[in-house]
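Chemist: Below is one structure. I have some questions about it.
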Amino acid sequence: MFPSKEKIEEIIMELQRIMRIQDWNIDLKILTELEMLDYDGDKKTGAVTSDYEDRNLIIIRFNKDLEQNQYDNWYNVIIHELKHVQSMKYYNRVYENMKFIKDEELRKELEKQQDIFYEALIDRQAREFEALYPVTNFIKEDENVT
Ligand SMILES: [Zn+2]
């Protein structure tokens, strides 16, 4: 169960203000699990991609079928994806620099390790943010509709 798309968009704008990432335009797409699978072959809860035409446009894809029984989960997914947005320029820079590693096997191994540590860091930051700014700061339990 999660709020309407409009309510989530409203919350995203407030979270952007807190995280100081108002300069990014965020396009939220709420997808079913099947649509999510079509998108990148992975049943993940959320995904974030940048648009190469518009450098400050971010598309957050949100899987609405996962964890429907967990009230807070949608909120953690949104925070997690926004934490990716917050660190996107740093992350892209690391990948740009990786291109200087000529040994392809070594580069791929380092990228793999980088991804694992990056994902773990984002996960921890999202949990910390959620503890500081719980979902109840933005939405009352009775506003929660499907
Ligand atoms: Zn992630």
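Residue numbering restarts at 1 for every chain of the structure tokens, chains are lettered A, B, ... in their displayed order, and ligands are numbered from 1 as they appear.
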Could you pull out the helix (DSSP H, G or I) residues of chain A, going by DSSP on the backbone, and write them as a VMD selection string?

Modeler: chain A and resid 5 to 19 33 to 40 73 to 86 88 to 98 104 to 132 135 to 137 141 to 143

Chemist: All residues within 10 Å of ligand 1 are required, counting only C-alpha atoms and all ligand atoms; please report them as a ChimeraX atom specification.

Modeler: /A:44-48,77,79-84,115-116,118-123,126

Chemist: Looking at A:Met98, A:Asn76, A:Phe2, A:Leu31, which one is nearest to Pro134 in chain A, with distances taken over only C-alpha atoms?

Modeler: A:Asn76

Chemist: With only C-alpha atoms counted and 12 Å as the cut-off, give the residues of range 101-140 of chain A in contact with range 18-21 of chain A, each with its shortest interatomic distance in Å and the pair that gives it, as a tab-separated table.

Modeler:
residue	atom	partner	partner_atom	distance
A:Gln125	CA	A:Met19	CA	11.5
A:Ala126	CA	A:Met19	CA	11.2
A:Phe129	CA	A:Met19	CA	9.5
A:Leu132	CA	A:Ile18	CA	11.2
A:Tyr133	CA	A:Ile18	CA	9.6

Chemist: Please save C-alpha atoms of the selected residues as a short mmCIF file (atom, residue, chain, number, x, y, z; two decimals), in the first residue's frame.

Modeler:
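Output file selection_28.cif follows:
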data_model
loop_
_atom_site.label_atom_id
_atom_site.label_comp_id
_atom_site.auth_asym_id
_atom_site.auth_seq_id
_atom_site.Cartn_x
_atom_site.Cartn_y
_atom_site.Cartn_z
CA GLN A 125 22.58 6.55 4.00
CA ALA A 126 18.94 5.89 3.05
CA PHE A 129 17.89 9.52 6.42
CA LEU A 132 15.98 11.24 10.82
CA TYR A 133 13.00 11.99 8.58
#

Chemist: What residues in range 16-119 of chain A get the DSSP label strand (DSSP E or B)? Please answer as a PyMOL selection string.

Modeler: chain A and resi 25-31+46-50+57-63

Chemist: So that I have them on file, write out the residues from the current selection with C-alpha atoms, as a compact mmCIF listing (two decimals), in the first residue's frame.

Modeler:
# COMPACT_ATOMS: atom_id res chain seq x y z
CA ASN A 25 14.13 17.42 -12.44
CA ILE A 26 12.68 14.14 -11.31
CA ASP A 27 10.26 12.14 -13.40
CA LEU A 28 8.58 9.45 -11.33
CA LYS A 29 7.29 6.39 -13.13
CA ILE A 30 5.23 3.92 -11.14
CA LEU A 31 5.43 0.53 -12.79
CA GLY A 46 13.37 0.92 -7.77
CA ALA A 47 15.82 2.24 -10.31
CA VAL A 48 17.23 5.58 -11.21
CA THR A 49 18.60 6.65 -14.58
CA SER A 50 19.81 9.95 -15.87
CA LEU A 57 16.63 15.01 -15.63
CA ILE A 58 16.36 11.90 -13.54
CA ILE A 59 13.86 9.13 -14.08
CA ILE A 60 12.95 7.14 -11.01
CA ARG A 61 11.24 3.86 -11.79
CA PHE A 62 9.30 2.50 -8.86
CA ASN A 63 8.02 -1.04 -8.66

Chemist: So what do you get for CA of Glu109 in chain A versus CA of Met88 in chain A, distance-wise?

Modeler: 20.6 Å

Chemist: Report the distance between CA of Glu9 in chain A and CA of Met36 in chain A in Å, rounded to one decimal place.

Modeler: 19.1 Å
